[in-house]
Amino acid sequence: MKNCVWHLSLLVVVLAFTVASTAQESSKLAFKFQTLNVKGSQETDIYGISNSGAAVGSYIDSGGIEHGLILAGGKAKNIDDPNTTTGTFCYNMNASRAIVGYYLNSSGLAQGFLYKGGKFTDVGPAGNGSYALGINTKGVIAGYYYDSSNVEHGFIWNGKNYTILDVPTATNSGAWGINDKGWISLFWIDSKKNYEGALYKGKKYTTINVPGAVWSIAHSINSAGDVVFSWTDSSGNYHGAIRTGGKYYKFSDPKAPNNTRPDGINDHRTVAGRFEGTGKSTYLGFKATY
């Protein structure tokens with residue numbers, strides 16, 4: 001880790017694994033969408049949204065260069081890790097404006113980072129690449145990394161130590177979101193190579209899957225425990241869903257009925273992500289209230 005003195009302690013967590021008792025789908029939730037786009041860009045990808053309404057992600061400028069991004073008040077600000085070779089990708093921001101994400105290093109591997117107070121710090125256990133995807137108010141970071149055998153493992157980092165999170169029965173696991181209660185949303189790959197979702201709460205893993213989905217990929221989680229998903233149907237199309245109050249609500253941006261990929265959620269009933277419109281080959285960002 002650059003610019004920071006730290007001590008590494010790996011704690012493998014493989015504890016009780018339960019299946020959610022409620023897998024109920026409902027359609028009685030209205031969504032209001034707004035498109036987000038960096039003016040003059042070739043593509044805008046949004047991955048997270050803070051409680052202040054600031055969106056974070058990445059965009060490709062007119063010259064084809066990928067930049068990390070904060071989009072707030074209609075203004076875009078670049079967030080570029082100085083160690084990147086080809087791109088910086090911002091995934092989440094907390095109330096202190098600390099940002100997590102990853103960049104691509106000189107070896108072409110992903111390297112998780114924390115950007116705070118104008119300073120970049122590498123985040124992630126040693127291996128073949130790491131991704132920092134979630135951060136709560138306390139500054140605890142969630143993400144995943146590839147070990148030397150290229151197996152994915154979830155992790156959290158409290159600023160001093162790493163705790164490894166492996167969903168029981170999974171072939172690969174990754175942590176995505178973490179809220180102020182310490183609840184963690186994860187994605188994992190089962191024996192059939194399908195993605196499933198999990199919630200880590202009270203030292204137990206609970207499966208959370210969107211009803212009827214082939215793949216359920218759990219992304220961010222807010223303080224109320226609402227989880228946002230991307231999921232695929234039997235045709236391989238991507239859609240969004242929210243799990244709130246034990247029920248699942250499916251949605252898609254009206255401009256992209258077959259390719260909507262939400263990643264972020266805040267405490268003010270707003271989700272954010274990206275979509276690829278019908279007949280298009282590049283993404284635009286969106287946010288939607290529910």
# chains A, B, ... in the order shown; residues from 1 in each chain; ligands from 1

call {"tool": "select_by_dssp", "arguments": {"residues": "stretch 9-215 of chain A", "states": "strand (DSSP E)", "output": "VMD selection string"}}
result
chain A and resid 10 to 13 16 to 19 24 to 26 32 to 36 43 to 49 55 to 60 66 to 72 75 to 79 88 to 93 99 to 104 110 to 116 119 to 123 130 to 135 141 to 146 152 to 157 162 to 165 172 to 178 184 to 189 195 to 201 204 to 207 215

call {"tool": "closest_atom_pairs", "arguments": {"of": "stretch 80-139 of chain A", "to": "stretch 185-188 of chain A", "cutoff": "12 Å", "atoms": "only C-alpha atoms", "output": "Markdown table"}}
result
| residue | atom | partner | partner_atom | distance |
| --- | --- | --- | --- | --- |
| A:Leu133 | CA | A:Leu186 | CA | 10.7 |
| A:Gly134 | CA | A:Ser185 | CA | 9.4 |
| A:Ile135 | CA | A:Ser185 | CA | 11.8 |

call {"tool": "closest_residue", "arguments": {"among": "A:Trp215, A:Val167, A:Asn172, A:Gly124", "to": "A:Ala198", "atoms": "only C-alpha atoms"}}
result
A:Val167

call {"tool": "atom_distance", "arguments": {"atom1": "atom CA of A:Ala76", "atom2": "atom CA of A:Val227"}}
result
26.7 Å

call {"tool": "residues_around", "arguments": {"residues": "stretch 153-155 of chain A", "least_positions_apart": "6", "cutoff": "8 Å", "atoms": "only C-alpha atoms", "output": "list in words"}}
result
Gly124, Ala142, Gly143, Tyr144, Tyr145, Tyr146, Asp147, Tyr162, Thr163, Ile164, Leu165, Asp166, Asn172, Ser173, Gly174, Ala175 and Leu186 of chain A

call {"tool": "write_last_selection", "arguments": {"atoms": "C-alpha atoms", "output": "compact mmCIF listing (two decimals), in the first residue's frame"}}
result
# COMPACT_ATOMS: atom_id res chain seq x y z
CA GLY A 124 -6.53 -4.71 -1.20
CA ALA A 142 -15.57 -3.61 1.15
CA GLY A 143 -14.30 -5.21 -2.03
CA TYR A 144 -12.73 -8.30 -3.52
CA TYR A 145 -9.41 -9.53 -4.81
CA TYR A 146 -7.90 -12.39 -6.80
CA ASP A 147 -5.44 -14.62 -5.01
CA TYR A 162 -8.23 -7.23 6.32
CA THR A 163 -11.01 -9.71 6.98
CA ILE A 164 -11.64 -12.20 4.17
CA LEU A 165 -15.27 -13.07 3.37
CA ASP A 166 -15.94 -16.31 1.51
CA ASN A 172 -15.71 -17.34 -5.95
CA SER A 173 -16.95 -14.54 -3.70
CA GLY A 174 -16.87 -10.76 -3.71
CA ALA A 175 -18.04 -8.11 -1.24
CA LEU A 186 -21.90 -9.86 -1.63

call {"tool": "residues_around", "arguments": {"residues": "A:Lys255", "least_positions_apart": "4", "cutoff": "9 Å", "atoms": "only C-alpha atoms", "output": "list of chain:residue names"}}
result
A:Thr260, A:Phe275, A:Glu276, A:Gly277, A:Thr278

call {"tool": "closest_residue", "arguments": {"among": "A:Gly112, A:Ser52, A:Asn259, A:Asn161", "to": "A:Lys280", "atoms": "only C-alpha atoms"}}
result
A:Asn259

call {"tool": "closest_residue", "arguments": {"among": "A:Asp226, A:Asp190, A:Asp253, A:Asp80", "to": "A:Gly68", "atoms": "only C-alpha atoms"}}
result
A:Asp80

call {"tool": "residues_around", "arguments": {"residues": "A:Ala55", "least_positions_apart": "3", "cutoff": "6 Å", "atoms": "only C-alpha atoms", "output": "PyMOL selection string"}}
result
chain A and resi 48-49+70-71

call {"tool": "atom_distance", "arguments": {"atom1": "atom CA of A:Ile99", "atom2": "atom CA of A:Phe113"}}
result
8.2 Å

call {"tool": "closest_residue", "arguments": {"among": "A:Val38, A:Ile208, A:Ile178, A:Leu199", "to": "A:Gly264", "atoms": "only C-alpha atoms"}}
result
A:Ile178

call {"tool": "atom_distance", "arguments": {"atom1": "atom CA of A:Asn51", "atom2": "atom CA of A:Thr289"}}
result
12.4 Å

call {"tool": "closest_residue", "arguments": {"among": "A:Ser234, A:Thr85, A:Asn158, A:Ser62", "to": "A:Gly108", "atoms": "only C-alpha atoms"}}
result
A:Thr85

call {"tool": "residues_around", "arguments": {"residues": "A:Leu69", "least_positions_apart": "3", "cutoff": "12 Å", "atoms": "only C-alpha atoms", "output": "PyMOL selection string"}}
result
chain A and resi 36-38+41+43-49+54-61+66+72+75-81+87-93+99-101+115+285

call {"tool": "closest_residue", "arguments": {"among": "A:His239, A:Lys204, A:Lys39, A:Arg269", "to": "A:Phe251", "atoms": "only C-alpha atoms"}}
result
A:His239

call {"tool": "residues_around", "arguments": {"residues": "A:Val271", "least_positions_apart": "6", "cutoff": "6 Å", "atoms": "only C-alpha atoms", "output": "PyMOL selection string"}}
result
chain A and resi 264-265+287-288
